[in-house]
There are 2 protein chains.
Amino acid sequence: MSHLTSPLAVPFPDMPAISGAVPRIARAGYKAWGRCDLTYVELAEGTAVAGVFTRNICCSSEVEIGRENVARGSARALVVNAGNSNAFTGYRGREAVEQIMQQVAEHLDCLPGDVFVSSTGVIGVPLPKDKAREGLDRVFGAQPCSWEDAANTIGTTDTFAKGAMASAIVDGKRIEIAGIVKGSGMIAPDMSTMLGYVFTDADVAPAFLQQCLSAANAEAFNCITVDSDTSTSDTVLAFATAQAGNKQLASFDDPGADAFAAALRDVCRQLAHLVVRDGEGATKFISVSVSGAISDESARKVGLAVANSPLVKTAIAGEDANWGRVVMAVGKAGEPADRDRLSIGFGGIWAAREGQPLPDYDEEPVAKHLKRSEVSIEIDLGLGQGSSTVWTCDLTHGYISINADYRS
Amino acid sequence: MSHLTSPLAVPFPDMPAISGAVPRIARAGYKAWGRCDLTYVELAEGTAVAGVFTRNICCSSEVEIGRENVARGSARALVVNAGNSNAFTGYRGREAVEQIMQQVAEHLDCLPGDVFVSSTGVIGVPLPKDKAREGLDRVFGAQPCSWEDAANTIGTTDTFAKGAMASAIVDGKRIEIAGIVKGSGMIAPDMSTMLGYVFTDADVAPAFLQQCLSAANAEAFNCITVDSDTSTSDTVLAFATAQAGNKQLASFDDPGADAFAAALRDVCRQLAHLVVRDGEGATKFISVSVSGAISDESARKVGLAVANSPLVKTAIAGEDANWGRVVMAVGKAGEPADRDRLSIGFGGIWAAREGQPLPDYDEEPVAKHLKRSEVSIEIDLGLGQGSSTVWTCDLTHGYISINADYRS
């Protein structure tokens, strides 16, 4: 954890233990720091896995290998290295990942393909194999730790530990879901430099777990943006340890499937919001709600154009109800829009309706709303029924300080 | 002119008078400021016009009307209002533009369609008709002014006057080209909040002038970006007064047509670079050169993805040779790229070749290069023959200060 804690930080929740998922941490020393930087989660036999990954073409070996192995559907362990993303390191980077998978496989007597590895940090420096090996030897002997310790250990530029949880009744059994996430900066659709891990004790078939995770991702991680950049390592993995004793969920026809999917979506949404709350330099949590679009996807694209606009984000930072900049951002989105049907509001108060400023527009309540730490922008395109909400943060001096000073 | 002068500013050149194009300025008082904010350029009968305009869907009435009238091919006057963009003001905004066109048409005894109007400034406030009328009455009686005065008067957040010139021999006659431009912030492809005007005494058929301007725009204004935002008012107009006495240029088959097109391209390129040099908060002028792409257009898109990346722009601001962020930006561009063929360099020195950091990479000379005010990033995709260069500036505290404090 570096930098001052985000003013938008929230306390780490009182997270449940997940039967069959045991986290441990240790210090591998990937960087010259004293903190733990290696996270290891051992998973019960029969654990199902699903995952979504960055669409950045220049992705890391971790992402390439993870994508392959998620298709197999089974997992026994998760390893997360902090301080070095191992991205853009060619065959040497790939060798480091394979060595980690091999070492854990020998320790657990499982297949290397059941071991999932993530790395986050600087790009272009091969992950040091010796430090990884010694770190794993150390973590195998470590005591189990809390989810909060794990959340702190996977973090890099994060300023607070991020976790979320939910539960549901499935087939008469209570199932628990616990999730942790890291990431600030480079957060954009397709998930950027974010690493998220969701653990549940429910018994879920891999294919259905993937279906639920992909759906949750579309409404959560793919609806947030911090700076429009997209990293080379992003990964969200879901693990189902099948310890809760429910009849395995294989489709939405199974009892409790809807409840499980809703709980998973809830956890992913919470985690996505936490990432925005830790956006580099963020002082405002901004919701951009778009309605009246020709489709939900069109609404999402318009929302992201607004949420990614430096001029909109700096206006919010300045607590300036500059709806003209919102109009500009809508207009550049490349989605169907009609200037003379467009309405813009802040905090539920319309500033402009159908292409014109309101004659009796009172900026007072809007100015009051913009002083809050949670701000909303409403956009009605007046064209159709499509709607979407995306989340972002403001663009401040803090972002510049963090990113202009960060040494590669 | 507001704010401190950009550290990348250059002196205004000694611009030639253009026979048949006479600039005047006056104060209309569109904002509560003492400066002149109305620019009027009277054009000789027989002047040809061409134009390129923003693609922002929510464009201003000025842009809508200008686009229509450029198709007519003839111009007698240019009016530029500074301090109010008149965008997103519905029928009232359109009425203001039509009133200006009518008033000038009566003054010159020409068609309203021969009068071109631009407005720049805050969005959403109808241009006050009375101030426009009184301002025009004042400017009609004003003495002709210099191009530098005109360049200063069309500016808003600009920190220095921007002009460029070139000359060519066409059909045995020397022809002059003089251009002025304003704009900082909201500068991105499709031209953002930029207003550019190019005047030549050459005799050029409207259709050929449009052909030359569109080609020049593609290599100049559409290859620059400051903050990826795209304004609602951008316009670049070219006026040819036909006073030089050359045989009219109507196609590239005409003698001197190539020389004229090259000179026009040169002026547009210079003006585009000046806009970047006045990017809000800019301290570095950055050239991003992409080679080895599958096409020139693909190279341009990759270049713009890098040039628009906040993480790359802040790294350059911090004089950090963080080529990993360049890799990230290439990967998110959505264009064909192969991580293991990708090479990245700064100032002509490769940091990474074919997907891996150079073992003997010496950051010393690169660090030295990044301390300069003119920085270059080289990207070789290693796939094909496509190449392109785009220009941008760094992202600094200055940008935040200007845009978080700017009041709508």
# chains A, B, ... in the order shown; residues from 1 in each chain; ligands from 1

call {"tool": "residues_around", "arguments": {"residues": "Ala333 of chain A", "least_positions_apart": "6", "cutoff": "9 Å", "atoms": "only C-alpha atoms", "output": "PyMOL selection string"}}
result
(chain A and resi 301-306) or (chain B and resi 56-57)

call {"tool": "residues_around", "arguments": {"residues": "Ile377 of chain B", "least_positions_apart": "5", "cutoff": "6 Å", "atoms": "only C-alpha atoms", "output": "MDAnalysis selection string"}}
result
chainID B and resid 288 345:346

call {"tool": "write_last_selection", "arguments": {"atoms": "C-alpha atoms", "output": "PDB file, in the first residue's frame"}}
result
ATOM      1  CA  VAL B 288       4.865   9.678 -31.649  1.00  0.00           C
ATOM      2  CA  GLY B 345      12.200   3.653 -28.342  1.00  0.00           C
ATOM      3  CA  PHE B 346      12.660   7.197 -27.069  1.00  0.00           C
TER       4      PHE B 346
END

call {"tool": "closest_atom_pairs", "arguments": {"of": "chain A", "to": "chain B", "cutoff": "7 Å", "atoms": "only C-alpha atoms", "output": "Markdown table"}}
result
| residue | atom | partner | partner_atom | distance |
| --- | --- | --- | --- | --- |
| A:Asn56 | CA | B:Gly331 | CA | 4.9 |
| A:Ile57 | CA | B:Gly331 | CA | 4.6 |
| A:Cys58 | CA | B:Gly331 | CA | 4.8 |
| A:Phe88 | CA | B:Gly355 | CA | 5.9 |
| A:Thr89 | CA | B:Gln356 | CA | 5.3 |
| A:Gly90 | CA | B:Gln356 | CA | 5.7 |
| A:Ile123 | CA | B:Gly324 | CA | 5.0 |
| A:Gly124 | CA | B:Gly324 | CA | 6.1 |
| A:Asp227 | CA | B:Pro310 | CA | 6.6 |
| A:Asp229 | CA | B:Ser309 | CA | 6.3 |
| A:Thr230 | CA | B:Lys332 | CA | 6.0 |
| A:Ser231 | CA | B:Met328 | CA | 5.8 |
| A:Thr232 | CA | B:Met328 | CA | 6.1 |
| A:Ser309 | CA | B:Asp229 | CA | 6.3 |
| A:Pro310 | CA | B:Asp227 | CA | 6.6 |
| A:Leu311 | CA | B:Asn403 | CA | 6.6 |
| A:Thr314 | CA | B:Ala404 | CA | 4.7 |
| A:Ala315 | CA | B:Ala404 | CA | 5.1 |
| A:Ala317 | CA | B:Ala404 | CA | 5.9 |
| A:Gly318 | CA | B:Ala404 | CA | 4.3 |
| A:Asp320 | CA | B:Arg407 | CA | 6.6 |
| A:Asn322 | CA | B:Ser408 | CA | 5.2 |
| A:Gly324 | CA | B:Ile123 | CA | 5.0 |
| A:Val327 | CA | B:Cys58 | CA | 6.9 |
| A:Met328 | CA | B:Ser231 | CA | 5.7 |
| A:Gly331 | CA | B:Ile57 | CA | 4.5 |
| A:Lys332 | CA | B:Asn56 | CA | 4.9 |
| A:Ala337 | CA | B:Ile57 | CA | 6.9 |
| A:Arg339 | CA | B:Cys58 | CA | 5.0 |
| A:Asp340 | CA | B:Gly90 | CA | 6.9 |
| A:Gly355 | CA | B:Phe88 | CA | 5.9 |
| A:Gln356 | CA | B:Thr89 | CA | 5.3 |
| A:Pro357 | CA | B:Gly124 | CA | 6.2 |
| A:Thr396 | CA | B:Ile400 | CA | 6.2 |
| A:His397 | CA | B:His397 | CA | 5.6 |
| A:Ile400 | CA | B:Thr396 | CA | 6.1 |
| A:Asn403 | CA | B:Thr314 | CA | 5.7 |
| A:Ala404 | CA | B:Gly318 | CA | 4.3 |
| A:Asp405 | CA | B:Gly318 | CA | 5.9 |
| A:Arg407 | CA | B:Asp320 | CA | 6.6 |
| A:Ser408 | CA | B:Asn322 | CA | 5.3 |

call {"tool": "select_by_dssp", "arguments": {"residues": "segment 156-324 of chain A", "states": "strand (DSSP E or B)", "output": "ChimeraX atom specification"}}
result
/A:162-170,173-182,195-200,204,224-225,235-240,249,285-293

call {"tool": "select_by_dssp", "arguments": {"residues": "segment 34-253 of chain A", "states": "alpha helix (DSSP H)", "output": "PyMOL selection string"}}
result
chain A and resi 61-70+90-108+129-140+147-154+206-219

call {"tool": "residues_around", "arguments": {"residues": "segment 198-209 of chain A", "least_positions_apart": "2", "cutoff": "6 Å", "atoms": "only C-alpha atoms", "output": "PyMOL selection string"}}
result
chain A and resi 18-19+48-50+73+175-179+211-212+238-244+248-251

call {"tool": "write_last_selection", "arguments": {"atoms": "all heavy atoms", "output": "compact mmCIF listing (two decimals), in the first residue's frame"}}
result
# COMPACT_ATOMS: atom_id res chain seq x y z
N ILE A 18 -14.15 -18.87 3.85
CA ILE A 18 -14.75 -19.67 2.79
C ILE A 18 -14.15 -21.08 2.90
O ILE A 18 -12.95 -21.27 2.69
CB ILE A 18 -14.47 -19.08 1.40
CG1 ILE A 18 -15.02 -17.67 1.29
CG2 ILE A 18 -15.05 -20.00 0.32
CD1 ILE A 18 -16.54 -17.57 1.41
N SER A 19 -14.98 -22.03 3.28
CA SER A 19 -14.49 -23.39 3.45
C SER A 19 -13.86 -23.88 2.15
O SER A 19 -14.47 -23.77 1.08
CB SER A 19 -15.65 -24.32 3.85
OG SER A 19 -15.21 -25.66 3.87
N ALA A 48 -14.10 -25.48 -8.71
CA ALA A 48 -14.34 -25.03 -10.09
C ALA A 48 -13.81 -23.61 -10.25
O ALA A 48 -13.76 -22.84 -9.29
CB ALA A 48 -15.84 -25.05 -10.40
N VAL A 49 -13.39 -23.29 -11.46
CA VAL A 49 -12.85 -21.96 -11.72
C VAL A 49 -13.47 -21.36 -12.98
O VAL A 49 -13.83 -22.08 -13.91
CB VAL A 49 -11.31 -21.99 -11.87
CG1 VAL A 49 -10.90 -22.85 -13.07
CG2 VAL A 49 -10.73 -20.59 -11.99
N ALA A 50 -13.62 -20.02 -12.96
CA ALA A 50 -14.03 -19.26 -14.14
C ALA A 50 -13.22 -17.98 -14.15
O ALA A 50 -12.68 -17.57 -13.11
CB ALA A 50 -15.53 -18.94 -14.09
N GLY A 73 -11.41 -25.72 -16.27
CA GLY A 73 -12.49 -25.64 -15.29
C GLY A 73 -12.14 -26.00 -13.86
O GLY A 73 -12.96 -25.83 -12.95
N ILE A 175 -24.89 -20.30 1.24
CA ILE A 175 -23.57 -20.26 0.61
C ILE A 175 -22.99 -18.86 0.80
O ILE A 175 -23.71 -17.87 0.89
CB ILE A 175 -23.63 -20.63 -0.89
CG1 ILE A 175 -24.44 -19.61 -1.69
CG2 ILE A 175 -24.20 -22.02 -1.07
CD1 ILE A 175 -23.62 -18.55 -2.37
N GLU A 176 -21.68 -18.81 0.92
CA GLU A 176 -20.98 -17.55 1.14
C GLU A 176 -20.16 -17.18 -0.10
O GLU A 176 -19.63 -18.08 -0.78
CB GLU A 176 -20.01 -17.66 2.33
CG GLU A 176 -20.67 -18.09 3.63
CD GLU A 176 -21.46 -16.96 4.27
OE1 GLU A 176 -21.37 -15.81 3.80
OE2 GLU A 176 -22.19 -17.24 5.24
N ILE A 177 -20.06 -15.89 -0.36
CA ILE A 177 -19.17 -15.40 -1.42
C ILE A 177 -18.30 -14.30 -0.83
O ILE A 177 -18.81 -13.38 -0.18
CB ILE A 177 -19.95 -14.83 -2.62
CG1 ILE A 177 -20.89 -15.90 -3.21
CG2 ILE A 177 -18.99 -14.32 -3.69
CD1 ILE A 177 -21.72 -15.41 -4.37
N ALA A 178 -17.00 -14.43 -0.99
CA ALA A 178 -16.07 -13.41 -0.51
C ALA A 178 -15.17 -13.01 -1.68
O ALA A 178 -14.67 -13.88 -2.41
CB ALA A 178 -15.22 -13.94 0.64
N GLY A 179 -14.97 -11.71 -1.86
CA GLY A 179 -14.14 -11.24 -2.97
C GLY A 179 -13.14 -10.19 -2.52
O GLY A 179 -13.42 -9.41 -1.60
N GLN A 211 -20.52 -18.53 -16.92
CA GLN A 211 -21.67 -17.77 -17.43
C GLN A 211 -22.05 -16.67 -16.44
O GLN A 211 -22.26 -15.51 -16.83
CB GLN A 211 -22.84 -18.75 -17.63
CG GLN A 211 -24.09 -18.12 -18.21
CD GLN A 211 -25.23 -19.13 -18.33
OE1 GLN A 211 -25.02 -20.34 -18.21
NE2 GLN A 211 -26.43 -18.63 -18.56
N CYS A 212 -22.09 -17.01 -15.16
CA CYS A 212 -22.47 -16.03 -14.14
C CYS A 212 -21.41 -14.94 -14.00
O CYS A 212 -21.72 -13.75 -13.87
CB CYS A 212 -22.67 -16.72 -12.79
SG CYS A 212 -24.07 -17.84 -12.76
N ALA A 238 -13.04 -16.47 -10.49
CA ALA A 238 -14.01 -16.93 -9.50
C ALA A 238 -13.73 -18.40 -9.21
O ALA A 238 -13.53 -19.19 -10.13
CB ALA A 238 -15.43 -16.75 -10.02
N PHE A 239 -13.68 -18.72 -7.92
CA PHE A 239 -13.41 -20.10 -7.49
C PHE A 239 -14.59 -20.61 -6.65
O PHE A 239 -15.01 -19.92 -5.71
CB PHE A 239 -12.13 -20.17 -6.66
CG PHE A 239 -10.90 -19.67 -7.36
CD1 PHE A 239 -10.42 -18.39 -7.13
CD2 PHE A 239 -10.22 -20.48 -8.26
CE1 PHE A 239 -9.28 -17.92 -7.77
CE2 PHE A 239 -9.07 -20.02 -8.90
CZ PHE A 239 -8.60 -18.73 -8.66
N ALA A 240 -15.10 -21.78 -6.99
CA ALA A 240 -16.19 -22.39 -6.23
C ALA A 240 -15.70 -23.70 -5.64
O ALA A 240 -15.41 -24.65 -6.37
CB ALA A 240 -17.40 -22.62 -7.13
N THR A 241 -15.61 -23.74 -4.29
CA THR A 241 -14.94 -24.88 -3.65
C THR A 241 -15.87 -26.07 -3.40
O THR A 241 -15.43 -27.12 -2.96
CB THR A 241 -14.35 -24.44 -2.28
OG1 THR A 241 -15.43 -24.04 -1.42
CG2 THR A 241 -13.37 -23.30 -2.46
N ALA A 242 -17.16 -25.88 -3.61
CA ALA A 242 -18.12 -26.99 -3.49
C ALA A 242 -18.14 -27.61 -2.09
O ALA A 242 -18.32 -28.82 -1.94
CB ALA A 242 -17.80 -28.06 -4.53
N GLN A 243 -17.96 -26.77 -1.07
CA GLN A 243 -17.97 -27.27 0.31
C GLN A 243 -19.30 -27.02 1.00
O GLN A 243 -19.52 -27.49 2.12
CB GLN A 243 -16.86 -26.57 1.11
CG GLN A 243 -15.47 -26.75 0.51
CD GLN A 243 -14.99 -28.18 0.58
OE1 GLN A 243 -14.86 -28.74 1.67
NE2 GLN A 243 -14.75 -28.79 -0.58
N ALA A 244 -20.20 -26.26 0.38
CA ALA A 244 -21.44 -25.86 1.07
C ALA A 244 -22.48 -26.97 1.11
O ALA A 244 -23.45 -26.90 1.86
CB ALA A 244 -22.03 -24.61 0.41
N GLN A 248 -25.18 -29.36 -7.05
CA GLN A 248 -24.39 -28.52 -7.95
C GLN A 248 -25.28 -27.68 -8.87
O GLN A 248 -26.23 -28.18 -9.47
CB GLN A 248 -23.46 -29.38 -8.81
CG GLN A 248 -22.53 -28.52 -9.66
CD GLN A 248 -21.57 -29.34 -10.50
OE1 GLN A 248 -21.99 -30.06 -11.41
NE2 GLN A 248 -20.29 -29.25 -10.17
N LEU A 249 -24.93 -26.38 -8.96
CA LEU A 249 -25.63 -25.48 -9.87
C LEU A 249 -25.02 -25.64 -11.26
O LEU A 249 -23.81 -25.47 -11.44
CB LEU A 249 -25.49 -24.04 -9.41
CG LEU A 249 -26.11 -23.68 -8.06
CD1 LEU A 249 -25.76 -22.24 -7.69
CD2 LEU A 249 -27.62 -23.87 -8.11
N ALA A 250 -25.86 -25.98 -12.24
CA ALA A 250 -25.35 -26.17 -13.60
C ALA A 250 -26.09 -25.30 -14.61
O ALA A 250 -25.64 -25.15 -15.74
CB ALA A 250 -25.45 -27.64 -14.00
N SER A 251 -27.21 -24.74 -14.21
CA SER A 251 -27.96 -23.86 -15.12
C SER A 251 -28.95 -23.04 -14.30
O SER A 251 -29.17 -23.32 -13.10
CB SER A 251 -28.72 -24.68 -16.16
OG SER A 251 -29.97 -25.10 -15.63

call {"tool": "residues_around", "arguments": {"residues": "Ile379 of chain A", "least_positions_apart": "5", "cutoff": "7 Å", "atoms": "only C-alpha atoms", "output": "PDB file with C-alpha atoms, in the first residue's frame"}}
result
ATOM      1  CA  SER A 289     -26.502   7.406 -15.843  1.00  0.00           C
ATOM      2  CA  VAL A 290     -27.534   7.402 -19.484  1.00  0.00           C
ATOM      3  CA  SER A 291     -31.135   6.838 -20.590  1.00  0.00           C
ATOM      4  CA  SER A 343     -30.998  16.569 -21.670  1.00  0.00           C
ATOM      5  CA  ILE A 344     -28.262  16.873 -19.028  1.00  0.00           C
ATOM      6  CA  GLY A 345     -28.577  16.918 -15.270  1.00  0.00           C
TER       7      GLY A 345
END

call {"tool": "residues_around", "arguments": {"residues": "Met165 of chain B", "least_positions_apart": "2", "cutoff": "9 Å", "atoms": "only C-alpha atoms", "output": "list in words"}}
result
Pro13, Asp14, Met15, Pro16, Gly163, Ser167, Glu176, Ile177, Ala178, Gly179, Ile180, Val198, Ala263, Leu264, Asp266, Val267 and Gln270 of chain B
